[in-house]
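A short write-up of the structure that comes next.
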Amino acid sequence: MTTSLPSTIAGRVEHELVVKKSRFIATLEPVHTVAAADAAIAAVRRQHWAARHHCVALVVGRHAEQQRSSDDGEPSGTAGVPMLEVLRQRGLTDLVAVVTRYFGGVLLGAGGLVRAYSSAVSGALDGARIVRREVLVEVGIRVPHGDAGRFESWLRDWAAGHDAVLGEPVWTDVARFTILVPPAALTLLTADTAAFSAGTLAPVAGAERIVDLA
């Protein structure tokens with residue numbers, strides 16, 4: 001079994017919602033640091049310079065450990081926190097959400113604002129491609145050239161059946177295969193490789209890596 005992490009989004013996405021003549025434009029951007037999130041927020045502010053509010057929610061970190069929100073002039077708790085709660089409920093990290101509001105002249109009240117800001121972010125996420133993340137272990141296997149073709153075919157089938165990711169071989173004095181394997185499958189890979197090769201090949205486990213999976 002793979003070790004799951006919070007997911008993220010594949011790329012920038014926008015979604016617009018109109019509520020009682022106010023326009024709520026949600027912009028979601030994948031980021032890896034708070035500094036990158038701040039740059040994305042500044043870019044949205046420049047793009048929509050005439051808007052009254054640019055409310056923010058961001059989640060960053062391997063385990064979504066860095067979180068921040070801003071109501072940007074809206075009544076406290078009516079914008080940034082509801083937006084952040086949507087990101088939490090969806091199990092996401094490494095993205096920033098900015099909802100730009102062009103005021104339409106009609107007051108929405110606290111409940112109306114909460115619904116509008118959270119719905120704008122939810123609508124944007126509904127249109128985003130979600131990228132699943134897993135912790136996998138990088139494993140190297142050295143194979144003599146004469147056995148490489150047969151072994152690659154077998155290893156590709158093994159990877160497909162065990163949530164693993166097989167890279168392209170590197171050809172040196174031998175064929176060097178790299179496969180990213182769920183930690184729980186390491187023992188099985190070792191046993192299956194030994195069985196397939198009659199004990200002549202042995203995988204060597206390396207470091208853990210965070211891998212984005214479609």
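Following the order of the structure tokens, first chain is A, next is B, and so on, with residues numbered from 1 inside each chain and ligands from 1 in the order they appear.
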**OP:** Among the residues of stretch 87-171 of chain A, find those DSSP assigns to strand (DSSP E) from the backbone and print them as a ChimeraX atom specification.
**Re:** /A:95-102,130-143,165-166,170-171
Subject >> Picked from chain A by DSSP as alpha helix (DSSP H), as JSON, numbers by chain >> reply: {"A": [34, 35, 36, 37, 38, 39, 40, 41, 42, 43, 44, 45, 46, 47, 80, 81, 82, 83, 84, 85, 86, 87, 88, 89, 109, 110, 111, 112, 113, 114, 115, 116, 117, 118, 119, 120, 121, 122, 123, 124, 125, 126, 145, 146, 147, 148, 149, 150, 151, 152, 153, 154, 155, 156, 157, 158, 159, 160, 161, 186, 187, 188, 189, 190, 191, 192, 193, 194, 195, 196]}
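The list of residues with at least one atom within 8 Å of A:Glu16, based on only C-alpha atoms and without residues fewer than 5 positions apart in the same chain, reads Arg23, Phe24, Ile25, Ala26 and Ala120 of chain A.
Shortest separation to A:Val18 among A:Tyr117, A:Trp171, A:Phe196, A:Phe177 occurs at residue A:Tyr117, atoms counted being only C-alpha atoms.
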Subject >> Spatial neighbours of A:Gly11, max dist 8 Å, only C-alpha atoms, sep filter under 3 positions, as JSON, numbers by chain >> reply: {"A": [29, 30, 128, 129]}
Original post:
Got a sec: who's within 6 Å of stretch 52-60 of chain A, counting only C-alpha atoms, leaving out chain neighbours fewer than 5 positions off, as an MDAnalysis selection string?
Top reply: chainID A and resid 66:72 80 83:84 93:102
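If you count only C-alpha atoms and ignore residues fewer than 6 places along the chain from A:Gly146, what sits within 12 Å of it is Glu152, Trp171, Asp173, Val174 and Ala175 of chain A.
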Dump as a PDB file, in the first residue's frame, selection limited to C-alpha atoms:
ATOM      1  CA  GLU A 152      12.402  -4.728 -18.490  1.00  0.00           C
ATOM      2  CA  TRP A 171      22.869   1.940 -20.307  1.00  0.00           C
ATOM      3  CA  ASP A 173      28.438  -1.383 -18.360  1.00  0.00           C
ATOM      4  CA  VAL A 174      25.050  -2.851 -17.406  1.00  0.00           C
ATOM      5  CA  ALA A 175      21.406  -1.795 -17.783  1.00  0.00           C
TER       6      ALA A 175
END
Original post:
Which residue, A:Glu134, A:Asp147, A:Asp192, A:Glu168, has the smallest gap to A:Ile210 when you use only C-alpha atoms?
Top reply: A:Glu134
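Between A:Lys21 and the residues A:Leu108, A:Leu87, A:Val34, A:Ala42, the shortest atom-to-atom distance, using only C-alpha atoms, involves A:Leu108.
Atom to atom, atom CA of A:Leu125 and atom CA of A:Arg90 stand 8.8 Å apart.
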